[in-house]
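One structure below.
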Amino acid sequence: MPNQNAEYRSDPSVPEYTLTRKKMRNMRMRIDSRTLEVRVSAPHSTPLWRIDSFVASRASWINERIAALAAVPEPLVHGAEAERCRAVLEEWLDELMPVWCERFDVAPPHLSLRIMRSRWGSCRASTRRITLNLELARRGYGMAEYVLVHELSHLFELNHGPRFYALMDHHLPDWRERKAALGPL
Ligand SMILES: [Zn+2]
């Protein structure tokens, strides 16, 4: 979306970024996951040199994030790659599901594996059906396990309230790190 207020900044000593001035208290920086552009918003009163030095101080973080985002493969489509993902995920779940159903003390739920565009998984407690995104096969065993535990927790707690997070903390104490590593879809 073109933004009249946005200014493209390119200085050899600072990573390239697009600056938007806003009525706000603190500077914010993010990387557009699609275009890999660095976007900074800053209060009207913050001098440009401070914004430049803020961005420059985070140059290595910016480079790491851009490399990680660029390494994410193209979205899955139906076909051989999706079927390979299904086979991988099925194998992992053959191992994970009995272990986690025992820990949660629940009968195995119905399971669907499919390409999902906006979420890693879902759980319908009323029909006891958990759906997992085939994409998880490309993100690793630990990520698939994290999403499985998240969805199993929804069999007990529908919403992401304190009791939901207490369940996650109890069962998978490092879930926050896994969630951060997985990132948004
Ligand atoms: Zn959830």
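By order of appearance in the structure tokens: chains A, B, ..., then residues from 1 within every chain, and ligands from 1 in the order shown.
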
Could you list, as a list in words, all residues that come within 10 Å of ligand 1? Count only C-alpha atoms and all ligand atoms.
Arg119, Trp120, Gly121, Ser122, Cys123, Val147, Val149, His150, Glu151, Leu152, Ser153, His154, Glu157, Leu158, Asn159, His160, Gly161, Phe164 and Tyr165 of chain A

Need to verify the contact set: stretch 35-37 of chain A, 7 Å, only C-alpha atoms, exclusion of same-chain residues closer than 2 positions in sequence. Can you return it as a compact mmCIF listing (two decimals) with C-alpha atoms, in the first residue's frame?
```txt
# COMPACT_ATOMS: atom_id res chain seq x y z
CA TYR A 17 14.64 1.25 5.61
CA ILE A 31 10.49 -6.45 8.69
CA ASP A 32 7.78 -7.07 6.13
CA SER A 33 7.76 -10.85 5.83
CA ARG A 39 9.91 -0.55 8.12
CA ILE A 66 15.96 -11.25 6.55
```

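Taking only C-alpha atoms into account, A:Cys101 lies nearest to A:Leu148 out of the set A:Pro184, A:Ala67, A:Arg28, A:Leu148.
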
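Between atom CA of A:Ile51 and atom CA of A:Asn5 the separation is 15.8 Å.
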
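The coordinates place atom CA of A:Arg124 at 9.8 Å from atom CA of A:Pro109.
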
What parts of stretch 46-145 of chain A does DSSP call strand (DSSP E or B)? I'd like the answer as a PyMOL selection string.
chain A and resi 110-114+121-124+129-133

With C-alpha atoms retained, export the selected residues as an mmCIF file, in the first residue's frame.
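Saved result, out.cif, follows:
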```cif
data_model
loop_
_atom_site.group_PDB
_atom_site.id
_atom_site.type_symbol
_atom_site.label_atom_id
_atom_site.label_comp_id
_atom_site.auth_asym_id
_atom_site.auth_seq_id
_atom_site.Cartn_x
_atom_site.Cartn_y
_atom_site.Cartn_z
ATOM 1 C CA HIS A 110 -9.667 -37.453 15.059
ATOM 2 C CA LEU A 111 -6.814 -36.105 13.028
ATOM 3 C CA SER A 112 -6.728 -34.272 9.690
ATOM 4 C CA LEU A 113 -3.572 -33.189 7.915
ATOM 5 C CA ARG A 114 -3.931 -30.640 5.195
ATOM 6 C CA GLY A 121 -3.475 -26.041 13.356
ATOM 7 C CA SER A 122 -6.993 -26.027 14.698
ATOM 8 C CA CYS A 123 -9.058 -27.956 17.177
ATOM 9 C CA ARG A 124 -12.773 -28.504 17.260
ATOM 10 C CA ARG A 129 -11.022 -33.159 15.643
ATOM 11 C CA ILE A 130 -7.540 -31.731 15.404
ATOM 12 C CA THR A 131 -6.290 -30.435 12.079
ATOM 13 C CA LEU A 132 -2.602 -29.801 11.505
ATOM 14 C CA ASN A 133 -0.976 -27.891 8.680
#
```
